[in-house]
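Novice: Data file input.cif (mmCIF, N, CA and C atoms) is appended below.
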```cif
data_work
#
loop_
_atom_site.group_PDB
_atom_site.id
_atom_site.type_symbol
_atom_site.label_atom_id
_atom_site.label_comp_id
_atom_site.auth_asym_id
_atom_site.auth_seq_id
_atom_site.Cartn_x
_atom_site.Cartn_y
_atom_site.Cartn_z
ATOM 1 N N MET H 43 0.845 -1.182 0.000
ATOM 2 C CA MET H 43 0.000 0.000 0.000
ATOM 3 C C MET H 43 0.881 1.232 0.000
ATOM 4 N N THR H 44 0.570 2.175 -0.891
ATOM 5 C CA THR H 44 1.358 3.397 -0.988
ATOM 6 C C THR H 44 0.551 4.555 -0.440
ATOM 7 N N THR H 45 1.200 5.321 0.387
ATOM 8 C CA THR H 45 0.536 6.523 0.896
ATOM 9 C C THR H 45 1.314 7.727 0.428
ATOM 10 N N SER H 46 0.632 8.827 0.320
ATOM 11 C CA SER H 46 1.271 10.055 -0.140
ATOM 12 C C SER H 46 1.141 11.105 0.946
ATOM 13 N N THR H 47 2.224 11.735 1.242
ATOM 14 C CA THR H 47 2.209 12.841 2.193
ATOM 15 C C THR H 47 2.831 14.044 1.509
ATOM 16 N N ALA H 48 2.640 15.198 2.089
ATOM 17 C CA ALA H 48 3.198 16.419 1.513
ATOM 18 C C ALA H 48 4.718 16.321 1.400
ATOM 19 N N ALA H 49 5.329 15.593 2.288
ATOM 20 C CA ALA H 49 6.788 15.490 2.287
ATOM 21 C C ALA H 49 7.320 14.678 1.099
ATOM 22 N N ASN H 50 6.555 13.702 0.600
ATOM 23 C CA ASN H 50 7.084 12.888 -0.498
ATOM 24 C C ASN H 50 6.332 13.083 -1.818
ATOM 25 N N THR H 51 5.523 14.130 -1.918
ATOM 26 C CA THR H 51 4.813 14.421 -3.148
ATOM 27 C C THR H 51 5.737 15.172 -4.098
ATOM 28 N N VAL H 52 5.832 14.696 -5.312
ATOM 29 C CA VAL H 52 6.669 15.366 -6.304
ATOM 30 C C VAL H 52 5.796 16.332 -7.088
ATOM 31 N N MET H 53 6.155 17.580 -7.054
ATOM 32 C CA MET H 53 5.431 18.604 -7.804
ATOM 33 C C MET H 53 6.197 18.866 -9.092
ATOM 34 N N LYS H 54 5.507 18.784 -10.218
ATOM 35 C CA LYS H 54 6.153 19.036 -11.498
ATOM 36 C C LYS H 54 6.103 20.519 -11.806
ATOM 37 N N ALA H 55 7.147 20.983 -12.480
ATOM 38 C CA ALA H 55 7.225 22.384 -12.872
ATOM 39 C C ALA H 55 6.240 22.670 -13.996
ATOM 40 N N LEU H 56 5.896 23.931 -14.148
ATOM 41 C CA LEU H 56 5.012 24.357 -15.216
ATOM 42 C C LEU H 56 5.577 23.899 -16.550
ATOM 43 N N GLY H 57 4.766 23.223 -17.355
ATOM 44 C CA GLY H 57 5.202 22.749 -18.663
ATOM 45 C C GLY H 57 5.696 21.319 -18.684
ATOM 46 N N GLU H 58 5.926 20.708 -17.536
ATOM 47 C CA GLU H 58 6.402 19.318 -17.514
ATOM 48 C C GLU H 58 5.301 18.317 -17.821
ATOM 49 N N GLU H 59 4.071 18.660 -17.488
ATOM 50 C CA GLU H 59 2.946 17.784 -17.800
ATOM 51 C C GLU H 59 2.476 18.094 -19.218
ATOM 52 N N PRO H 60 2.168 17.086 -20.011
ATOM 53 C CA PRO H 60 1.673 17.348 -21.373
ATOM 54 C C PRO H 60 0.365 18.129 -21.348
ATOM 55 N N ASP H 61 0.201 19.016 -22.328
ATOM 56 C CA ASP H 61 -1.040 19.780 -22.443
ATOM 57 C C ASP H 61 -2.180 18.929 -22.974
ATOM 58 N N PHE H 62 -1.857 17.872 -23.731
ATOM 59 C CA PHE H 62 -2.864 17.029 -24.366
ATOM 60 C C PHE H 62 -2.645 15.579 -23.945
ATOM 61 N N GLN H 63 -3.697 14.785 -24.046
ATOM 62 C CA GLN H 63 -3.639 13.374 -23.660
ATOM 63 C C GLN H 63 -3.940 12.485 -24.861
ATOM 64 N N CYS H 64 -3.494 11.245 -24.801
ATOM 65 C CA CYS H 64 -3.796 10.284 -25.864
ATOM 66 C C CYS H 64 -5.305 10.153 -26.013
ATOM 67 N N GLY H 65 -5.753 10.098 -27.257
ATOM 68 C CA GLY H 65 -7.168 9.994 -27.548
ATOM 69 C C GLY H 65 -7.874 11.340 -27.670
ATOM 70 N N GLU H 66 -7.202 12.407 -27.306
ATOM 71 C CA GLU H 66 -7.814 13.734 -27.363
ATOM 72 C C GLU H 66 -7.806 14.265 -28.794
ATOM 73 N N ARG H 67 -8.946 14.864 -29.188
ATOM 74 C CA ARG H 67 -9.042 15.478 -30.523
ATOM 75 C C ARG H 67 -8.377 16.847 -30.475
ATOM 76 N N VAL H 68 -7.611 17.147 -31.497
ATOM 77 C CA VAL H 68 -6.888 18.417 -31.575
ATOM 78 C C VAL H 68 -7.024 18.993 -32.982
ATOM 79 N N ARG H 69 -6.733 20.272 -33.080
ATOM 80 C CA ARG H 69 -6.642 20.937 -34.373
ATOM 81 C C ARG H 69 -5.217 21.463 -34.494
ATOM 82 N N ILE H 70 -4.658 21.347 -35.661
ATOM 83 C CA ILE H 70 -3.330 21.888 -35.919
ATOM 84 C C ILE H 70 -3.513 23.354 -36.302
ATOM 85 N N SER H 71 -2.759 24.224 -35.655
ATOM 86 C CA SER H 71 -2.908 25.663 -35.879
ATOM 87 C C SER H 71 -2.796 26.010 -37.353
ATOM 88 N N GLN H 72 -3.614 26.974 -37.751
ATOM 89 C CA GLN H 72 -3.570 27.477 -39.117
ATOM 90 C C GLN H 72 -2.890 28.834 -39.033
ATOM 91 N N ARG H 73 -1.597 28.835 -39.239
ATOM 92 C CA ARG H 73 -0.845 30.089 -39.240
ATOM 93 C C ARG H 73 0.197 30.010 -40.335
ATOM 94 N N PHE H 74 0.641 31.155 -40.738
ATOM 95 C CA PHE H 74 1.550 31.219 -41.875
ATOM 96 C C PHE H 74 2.735 32.123 -41.543
ATOM 97 N N PRO H 75 3.561 31.682 -40.602
ATOM 98 C CA PRO H 75 4.738 32.501 -40.262
ATOM 99 C C PRO H 75 5.727 32.522 -41.424
ATOM 100 N N ILE H 76 6.488 33.580 -41.490
ATOM 101 C CA ILE H 76 7.518 33.685 -42.519
ATOM 102 C C ILE H 76 8.680 32.787 -42.127
ATOM 103 N N GLY H 77 9.247 32.123 -43.102
ATOM 104 C CA GLY H 77 10.404 31.262 -42.842
ATOM 105 C C GLY H 77 10.048 29.799 -42.960
ATOM 106 N N HIS H 78 10.984 28.975 -42.545
ATOM 107 C CA HIS H 78 10.817 27.522 -42.640
ATOM 108 C C HIS H 78 10.271 26.987 -41.320
ATOM 109 N N TYR H 79 9.116 26.359 -41.383
ATOM 110 C CA TYR H 79 8.530 25.736 -40.203
ATOM 111 C C TYR H 79 8.241 24.287 -40.508
ATOM 112 N N ARG H 80 8.221 23.460 -39.489
ATOM 113 C CA ARG H 80 8.192 22.017 -39.690
ATOM 114 C C ARG H 80 6.797 21.401 -39.651
ATOM 115 N N VAL H 81 5.793 22.225 -39.819
ATOM 116 C CA VAL H 81 4.426 21.723 -39.900
ATOM 117 C C VAL H 81 3.969 21.967 -41.336
ATOM 118 N N PRO H 82 3.779 20.904 -42.108
ATOM 119 C CA PRO H 82 3.408 21.077 -43.519
ATOM 120 C C PRO H 82 2.111 21.870 -43.684
ATOM 121 N N LEU H 83 2.057 22.667 -44.735
ATOM 122 C CA LEU H 83 0.870 23.488 -45.007
ATOM 123 C C LEU H 83 -0.394 22.654 -45.098
ATOM 124 N N TYR H 84 -0.307 21.457 -45.693
ATOM 125 C CA TYR H 84 -1.521 20.672 -45.924
ATOM 126 C C TYR H 84 -2.142 20.093 -44.653
ATOM 127 N N VAL H 85 -1.450 20.135 -43.505
ATOM 128 C CA VAL H 85 -2.071 19.666 -42.258
ATOM 129 C C VAL H 85 -2.549 20.824 -41.383
ATOM 130 N N ARG H 86 -2.143 22.045 -41.695
ATOM 131 C CA ARG H 86 -2.548 23.197 -40.887
ATOM 132 C C ARG H 86 -4.053 23.414 -40.997
ATOM 133 N N GLY H 87 -4.691 23.597 -39.858
ATOM 134 C CA GLY H 87 -6.135 23.792 -39.805
ATOM 135 C C GLY H 87 -6.925 22.493 -39.766
ATOM 136 N N LYS H 88 -6.253 21.361 -39.892
ATOM 137 C CA LYS H 88 -6.934 20.060 -39.905
ATOM 138 C C LYS H 88 -7.064 19.510 -38.486
ATOM 139 N N GLN H 89 -8.031 18.605 -38.306
ATOM 140 C CA GLN H 89 -8.266 17.962 -37.016
ATOM 141 C C GLN H 89 -7.698 16.553 -37.010
ATOM 142 N N GLY H 90 -7.256 16.132 -35.842
ATOM 143 C CA GLY H 90 -6.738 14.785 -35.680
ATOM 144 C C GLY H 90 -6.890 14.331 -34.244
ATOM 145 N N VAL H 91 -6.261 13.201 -33.937
ATOM 146 C CA VAL H 91 -6.330 12.611 -32.598
ATOM 147 C C VAL H 91 -4.907 12.343 -32.118
ATOM 148 N N VAL H 92 -4.631 12.733 -30.868
ATOM 149 C CA VAL H 92 -3.324 12.444 -30.274
ATOM 150 C C VAL H 92 -3.229 10.935 -30.082
ATOM 151 N N GLU H 93 -2.241 10.324 -30.722
ATOM 152 C CA GLU H 93 -2.053 8.878 -30.601
ATOM 153 C C GLU H 93 -0.966 8.528 -29.593
ATOM 154 N N LYS H 94 -0.019 9.437 -29.408
ATOM 155 C CA LYS H 94 1.073 9.155 -28.478
ATOM 156 C C LYS H 94 1.718 10.458 -28.041
ATOM 157 N N ILE H 95 2.128 10.512 -26.784
ATOM 158 C CA ILE H 95 2.925 11.614 -26.266
ATOM 159 C C ILE H 95 4.366 11.123 -26.286
ATOM 160 N N LEU H 96 5.201 11.790 -27.059
ATOM 161 C CA LEU H 96 6.574 11.326 -27.205
ATOM 162 C C LEU H 96 7.404 11.720 -25.991
ATOM 163 N N SER H 97 8.330 10.870 -25.677
ATOM 164 C CA SER H 97 9.123 11.050 -24.476
ATOM 165 C C SER H 97 10.574 10.727 -24.810
ATOM 166 N N PRO H 98 11.503 11.436 -24.257
ATOM 167 C CA PRO H 98 11.394 12.523 -23.290
ATOM 168 C C PRO H 98 11.016 13.834 -23.975
ATOM 169 N N MET H 99 10.767 14.861 -23.162
ATOM 170 C CA MET H 99 10.511 16.181 -23.711
ATOM 171 C C MET H 99 11.714 16.575 -24.561
ATOM 172 N N ALA H 100 11.489 17.459 -25.537
ATOM 173 C CA ALA H 100 12.566 17.835 -26.444
ATOM 174 C C ALA H 100 12.514 19.327 -26.749
ATOM 175 N N ILE H 101 13.611 19.817 -27.274
ATOM 176 C CA ILE H 101 13.684 21.217 -27.685
ATOM 177 C C ILE H 101 12.866 21.391 -28.956
ATOM 178 N N ASN H 102 12.156 22.497 -29.065
ATOM 179 C CA ASN H 102 11.382 22.822 -30.252
ATOM 180 C C ASN H 102 12.331 22.923 -31.442
ATOM 181 N N ASN H 103 12.182 22.026 -32.415
ATOM 182 C CA ASN H 103 13.132 21.999 -33.528
ATOM 183 C C ASN H 103 13.018 23.223 -34.423
ATOM 184 N N GLU H 104 11.900 23.932 -34.400
ATOM 185 C CA GLU H 104 11.805 25.181 -35.159
ATOM 186 C C GLU H 104 12.696 26.242 -34.540
ATOM 187 N N ASP H 105 12.655 26.379 -33.213
ATOM 188 C CA ASP H 105 13.549 27.325 -32.542
ATOM 189 C C ASP H 105 14.999 26.954 -32.798
ATOM 190 N N GLU H 106 15.282 25.677 -32.739
ATOM 191 C CA GLU H 106 16.642 25.182 -32.969
ATOM 192 C C GLU H 106 17.116 25.550 -34.379
ATOM 193 N N GLY H 107 16.220 25.434 -35.359
ATOM 194 C CA GLY H 107 16.563 25.755 -36.740
ATOM 195 C C GLY H 107 16.895 27.222 -36.950
ATOM 196 N N TYR H 108 16.393 28.083 -36.085
ATOM 197 C CA TYR H 108 16.661 29.518 -36.184
ATOM 198 C C TYR H 108 17.718 29.966 -35.177
ATOM 199 N N GLY H 109 18.401 29.020 -34.559
ATOM 200 C CA GLY H 109 19.476 29.354 -33.630
ATOM 201 C C GLY H 109 19.001 29.786 -32.255
ATOM 202 N N ARG H 110 17.704 29.630 -31.981
ATOM 203 C CA ARG H 110 17.176 29.978 -30.657
ATOM 204 C C ARG H 110 17.158 28.697 -29.812
ATOM 205 N N ASN H 111 18.339 28.263 -29.430
ATOM 206 C CA ASN H 111 18.466 26.975 -28.745
ATOM 207 C C ASN H 111 18.796 27.173 -27.270
ATOM 208 N N ALA H 112 17.949 27.912 -26.594
ATOM 209 C CA ALA H 112 18.180 28.210 -25.181
ATOM 210 C C ALA H 112 17.855 27.036 -24.270
ATOM 211 N N GLY H 113 17.454 25.911 -24.843
ATOM 212 C CA GLY H 113 17.194 24.738 -24.024
ATOM 213 C C GLY H 113 15.775 24.620 -23.518
ATOM 214 N N ILE H 114 14.860 25.443 -24.026
ATOM 215 C CA ILE H 114 13.468 25.345 -23.604
ATOM 216 C C ILE H 114 12.867 24.103 -24.249
ATOM 217 N N LYS H 115 12.341 23.214 -23.418
ATOM 218 C CA LYS H 115 11.806 21.952 -23.910
ATOM 219 C C LYS H 115 10.290 21.930 -23.812
ATOM 220 N N GLY H 116 9.701 21.070 -24.628
ATOM 221 C CA GLY H 116 8.256 20.872 -24.605
ATOM 222 C C GLY H 116 7.943 19.474 -25.092
ATOM 223 N N HIS H 117 6.674 19.225 -25.301
ATOM 224 C CA HIS H 117 6.229 17.897 -25.715
ATOM 225 C C HIS H 117 5.977 17.843 -27.211
ATOM 226 N N TYR H 118 6.336 16.723 -27.796
ATOM 227 C CA TYR H 118 5.934 16.379 -29.160
ATOM 228 C C TYR H 118 4.843 15.335 -29.049
ATOM 229 N N TYR H 119 3.894 15.407 -29.988
ATOM 230 C CA TYR H 119 2.766 14.482 -30.000
ATOM 231 C C TYR H 119 2.695 13.809 -31.351
ATOM 232 N N ARG H 120 2.378 12.537 -31.350
ATOM 233 C CA ARG H 120 2.099 11.811 -32.586
ATOM 234 C C ARG H 120 0.597 11.942 -32.810
ATOM 235 N N VAL H 121 0.230 12.590 -33.920
ATOM 236 C CA VAL H 121 -1.173 12.894 -34.219
ATOM 237 C C VAL H 121 -1.588 12.152 -35.482
ATOM 238 N N GLY H 122 -2.724 11.459 -35.413
ATOM 239 C CA GLY H 122 -3.291 10.777 -36.571
ATOM 240 C C GLY H 122 -4.381 11.642 -37.192
ATOM 241 N N ILE H 123 -4.282 11.861 -38.493
ATOM 242 C CA ILE H 123 -5.262 12.671 -39.225
ATOM 243 C C ILE H 123 -5.851 11.793 -40.319
ATOM 244 N N LEU H 124 -7.168 11.651 -40.324
ATOM 245 C CA LEU H 124 -7.803 10.859 -41.373
ATOM 246 C C LEU H 124 -7.498 11.464 -42.742
ATOM 247 N N LEU H 125 -7.228 10.595 -43.709
ATOM 248 C CA LEU H 125 -6.928 11.089 -45.051
ATOM 249 C C LEU H 125 -8.118 11.833 -45.653
ATOM 250 N N SER H 126 -9.318 11.444 -45.267
ATOM 251 C CA SER H 126 -10.503 12.163 -45.752
ATOM 252 C C SER H 126 -10.590 13.568 -45.169
ATOM 253 N N GLU H 127 -9.937 13.826 -44.042
ATOM 254 C CA GLU H 127 -9.849 15.174 -43.466
ATOM 255 C C GLU H 127 -8.885 16.014 -44.298
ATOM 256 N N LEU H 128 -7.805 15.376 -44.756
ATOM 257 C CA LEU H 128 -6.816 16.095 -45.560
ATOM 258 C C LEU H 128 -7.292 16.316 -46.991
ATOM 259 N N TRP H 129 -7.899 15.291 -47.549
ATOM 260 C CA TRP H 129 -8.353 15.322 -48.936
ATOM 261 C C TRP H 129 -9.789 14.812 -48.982
ATOM 262 N N PRO H 130 -10.777 15.705 -48.987
ATOM 263 C CA PRO H 130 -12.186 15.306 -48.936
ATOM 264 C C PRO H 130 -12.596 14.323 -50.032
ATOM 265 N N GLU H 131 -11.914 14.290 -51.147
ATOM 266 C CA GLU H 131 -12.255 13.377 -52.237
ATOM 267 C C GLU H 131 -11.570 12.013 -52.098
ATOM 268 N N TYR H 132 -10.851 11.792 -50.996
ATOM 269 C CA TYR H 132 -10.133 10.529 -50.810
ATOM 270 C C TYR H 132 -11.118 9.364 -50.857
ATOM 271 N N ALA H 133 -10.816 8.368 -51.689
ATOM 272 C CA ALA H 133 -11.761 7.261 -51.912
ATOM 273 C C ALA H 133 -11.311 5.943 -51.287
ATOM 274 N N GLY H 134 -10.209 5.969 -50.530
ATOM 275 C CA GLY H 134 -9.718 4.740 -49.910
ATOM 276 C C GLY H 134 -10.492 4.404 -48.646
ATOM 277 N N PRO H 135 -10.015 3.400 -47.909
ATOM 278 C CA PRO H 135 -10.683 2.994 -46.666
ATOM 279 C C PRO H 135 -10.826 4.165 -45.679
ATOM 280 N N ALA H 136 -11.968 4.243 -45.037
ATOM 281 C CA ALA H 136 -12.296 5.358 -44.144
ATOM 282 C C ALA H 136 -11.314 5.511 -42.983
ATOM 283 N N GLN H 137 -10.681 4.426 -42.567
ATOM 284 C CA GLN H 137 -9.774 4.498 -41.412
ATOM 285 C C GLN H 137 -8.347 4.900 -41.792
ATOM 286 N N ASP H 138 -8.042 5.043 -43.088
ATOM 287 C CA ASP H 138 -6.699 5.443 -43.510
ATOM 288 C C ASP H 138 -6.364 6.808 -42.927
ATOM 289 N N ARG H 139 -5.130 6.918 -42.438
ATOM 290 C CA ARG H 139 -4.740 8.176 -41.814
ATOM 291 C C ARG H 139 -3.260 8.462 -42.045
ATOM 292 N N LEU H 140 -2.927 9.711 -41.895
ATOM 293 C CA LEU H 140 -1.548 10.176 -41.887
ATOM 294 C C LEU H 140 -1.173 10.330 -40.423
ATOM 295 N N VAL H 141 0.016 9.897 -40.053
ATOM 296 C CA VAL H 141 0.490 10.073 -38.683
ATOM 297 C C VAL H 141 1.709 10.979 -38.749
ATOM 298 N N ILE H 142 1.673 12.050 -37.947
ATOM 299 C CA ILE H 142 2.726 13.060 -37.985
ATOM 300 C C ILE H 142 3.057 13.480 -36.560
ATOM 301 N N GLU H 143 4.306 13.847 -36.333
ATOM 302 C CA GLU H 143 4.732 14.306 -35.015
ATOM 303 C C GLU H 143 4.801 15.826 -35.033
ATOM 304 N N ILE H 144 4.120 16.436 -34.056
ATOM 305 C CA ILE H 144 3.964 17.884 -34.025
ATOM 306 C C ILE H 144 4.275 18.404 -32.626
ATOM 307 N N PHE H 145 5.002 19.515 -32.571
ATOM 308 C CA PHE H 145 5.327 20.156 -31.298
ATOM 309 C C PHE H 145 4.079 20.804 -30.721
ATOM 310 N N GLU H 146 3.972 20.806 -29.393
ATOM 311 C CA GLU H 146 2.737 21.202 -28.723
ATOM 312 C C GLU H 146 2.270 22.617 -29.030
ATOM 313 N N THR H 147 3.161 23.537 -29.373
ATOM 314 C CA THR H 147 2.732 24.911 -29.638
ATOM 315 C C THR H 147 1.888 25.029 -30.899
ATOM 316 N N TRP H 148 1.870 23.978 -31.730
ATOM 317 C CA TRP H 148 1.073 23.981 -32.959
ATOM 318 C C TRP H 148 -0.303 23.336 -32.755
ATOM 319 N N LEU H 149 -0.586 22.799 -31.590
ATOM 320 C CA LEU H 149 -1.851 22.095 -31.368
ATOM 321 C C LEU H 149 -2.837 22.960 -30.594
ATOM 322 N N GLU H 150 -4.109 22.817 -30.965
ATOM 323 C CA GLU H 150 -5.197 23.527 -30.275
ATOM 324 C C GLU H 150 -6.224 22.526 -29.796
ATOM 325 N N ARG H 151 -6.765 22.775 -28.648
ATOM 326 C CA ARG H 151 -7.830 21.925 -28.101
ATOM 327 C C ARG H 151 -9.120 22.209 -28.857
ATOM 328 N N ILE H 152 -9.851 21.164 -29.203
ATOM 329 C CA ILE H 152 -11.136 21.323 -29.900
ATOM 330 C C ILE H 152 -12.249 21.376 -28.874
#
```
What would you get if you wrote out this structure as structure tokens?
Specialist:
Amino acid sequence: MTTSTAANTVMKALGEEPDFQCGERVRISQRFPIGHYRVPLYVRGKQGVVEKILSPMAINNEDEGYGRNAGIKGHYYRVGILLSELWPEYAGPAQDRLVIEIFETWLERI
């Protein structure tokens, strides 16, 4: 039997807990910043489902690409997007999906 007391409770710092959970529906932000960003245009604004929270936390590769590598870490999520969401005329099996890994700052709660 495990008991928890204030003395042995581990408090996580702000940002250590994932913002989203597996199975949660999300929307990928629709924004068009200038420069090279790692979220393809064709998935922006689309809805999907968080399939996995990747571990360990990692540095935002977009910041890293622009030399802003101050060590700020966040969560990456593996998101499944139905192909019919990406291409409404898609005629394949309804469960076909694209799976992509996206940094948390690009995800929105639905």
Novice: Assuming the chain letters and numbering stay as they are in my file, what does the PyMOL selection byres ((chain H and resi 120) around 6) actually select? List them as JSON, numbers by chain.
Specialist: {"H": [91, 92, 93, 94, 95, 96, 118, 119, 121, 122, 142, 143, 144]}
Novice: For the contact check between segment 77-137 of chain H and segment 67-72 of chain H, emit one row per residue of segment 77-137 of chain H within 8 Å, containing the shortest atom pair and the distance in Å rounded to one decimal, counting only N, CA and C atoms, chain then rising number order, as a tab-separated table.
Specialist:
```
residue	atom	partner	partner_atom	distance
H:Val85	C	H:Ile70	CA	5.6
H:Arg86	C	H:Gln72	CA	4.5
H:Gly87	N	H:Ile70	C	3.8
H:Lys88	C	H:Ile70	N	4.1
H:Gln89	CA	H:Arg69	CA	4.3
H:Gly90	C	H:Val68	N	4.0
H:Val91	CA	H:Arg67	CA	4.5
H:Val92	N	H:Arg67	N	5.1
```
Novice: Could you pull out the residues in segment 78-136 of chain H that DSSP calls strand (DSSP E or B) from the backbone, as an MDAnalysis selection string?
Specialist: chainID H and resid 89:95 100:101 115:116 118:124
Novice: On this structure, which residues satisfy the PyMOL selection byres (((chain H and resi 60 and name CA) around 9) and name CA), written as a ChimeraX atom specification?
Specialist: /H:57-59,61-63,95,116-118,146
Novice: Mind working out the centre and edge lengths of an axis-aligned box for segment 133-141 of chain H, all listed atoms inside, 5 Å added to each side, rounded to one decimal in Å and written as lines of an AutoDock Vina configuration file?
Specialist:
```
center_x = -5.3
center_y = 7.0
center_z = -45.3
size_x = 24.0
size_y = 18.0
size_z = 23.2
```
Novice: Report, in Å to a single decimal, how far apart atom CA of Gly77 of chain H and atom C of Arg139 of chain H are.
Specialist: 26.6 Å
Novice: What separation in Å, quoted to one decimal, exists between atom CA of Leu128 of chain H and atom CA of Leu83 of chain H?
Specialist: 10.7 Å
Novice: For segment 60-76 of chain H, supply N, CA, C and O atoms and format the output as a compact mmCIF listing (two decimals), in the frame of the given file.
Specialist:
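Saved file rebuild-v1.txt follows:
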```txt
# COMPACT_ATOMS: atom_id res chain seq x y z
N PRO H 60 2.17 17.09 -20.01
CA PRO H 60 1.67 17.35 -21.37
C PRO H 60 0.36 18.13 -21.35
O PRO H 60 -0.47 17.95 -20.46
N ASP H 61 0.20 19.02 -22.33
CA ASP H 61 -1.04 19.78 -22.44
C ASP H 61 -2.18 18.93 -22.97
O ASP H 61 -3.35 19.24 -22.75
N PHE H 62 -1.86 17.87 -23.73
CA PHE H 62 -2.86 17.03 -24.37
C PHE H 62 -2.64 15.58 -23.94
O PHE H 62 -1.55 15.20 -23.56
N GLN H 63 -3.70 14.78 -24.05
CA GLN H 63 -3.64 13.37 -23.66
C GLN H 63 -3.94 12.48 -24.86
O GLN H 63 -4.60 12.91 -25.82
N CYS H 64 -3.49 11.24 -24.80
CA CYS H 64 -3.80 10.28 -25.86
C CYS H 64 -5.30 10.15 -26.01
O CYS H 64 -6.04 10.12 -25.03
N GLY H 65 -5.75 10.10 -27.26
CA GLY H 65 -7.17 9.99 -27.55
C GLY H 65 -7.87 11.34 -27.67
O GLY H 65 -9.02 11.41 -28.10
N GLU H 66 -7.20 12.41 -27.31
CA GLU H 66 -7.81 13.73 -27.36
C GLU H 66 -7.81 14.26 -28.79
O GLU H 66 -6.82 14.14 -29.52
N ARG H 67 -8.95 14.86 -29.19
CA ARG H 67 -9.04 15.48 -30.52
C ARG H 67 -8.38 16.85 -30.48
O ARG H 67 -8.57 17.60 -29.52
N VAL H 68 -7.61 17.15 -31.50
CA VAL H 68 -6.89 18.42 -31.58
C VAL H 68 -7.02 18.99 -32.98
O VAL H 68 -7.37 18.29 -33.93
N ARG H 69 -6.73 20.27 -33.08
CA ARG H 69 -6.64 20.94 -34.37
C ARG H 69 -5.22 21.46 -34.49
O ARG H 69 -4.66 21.97 -33.53
N ILE H 70 -4.66 21.35 -35.66
CA ILE H 70 -3.33 21.89 -35.92
C ILE H 70 -3.51 23.35 -36.30
O ILE H 70 -4.36 23.68 -37.13
N SER H 71 -2.76 24.22 -35.66
CA SER H 71 -2.91 25.66 -35.88
C SER H 71 -2.80 26.01 -37.35
O SER H 71 -1.98 25.44 -38.08
N GLN H 72 -3.61 26.97 -37.75
CA GLN H 72 -3.57 27.48 -39.12
C GLN H 72 -2.89 28.83 -39.03
O GLN H 72 -3.51 29.84 -38.75
N ARG H 73 -1.60 28.84 -39.24
CA ARG H 73 -0.84 30.09 -39.24
C ARG H 73 0.20 30.01 -40.34
O ARG H 73 0.57 28.92 -40.77
N PHE H 74 0.64 31.16 -40.74
CA PHE H 74 1.55 31.22 -41.88
C PHE H 74 2.74 32.12 -41.54
O PHE H 74 2.88 33.20 -42.12
N PRO H 75 3.56 31.68 -40.60
CA PRO H 75 4.74 32.50 -40.26
C PRO H 75 5.73 32.52 -41.42
O PRO H 75 5.77 31.61 -42.25
N ILE H 76 6.49 33.58 -41.49
CA ILE H 76 7.52 33.68 -42.52
C ILE H 76 8.68 32.79 -42.13
O ILE H 76 9.06 32.70 -40.96
```
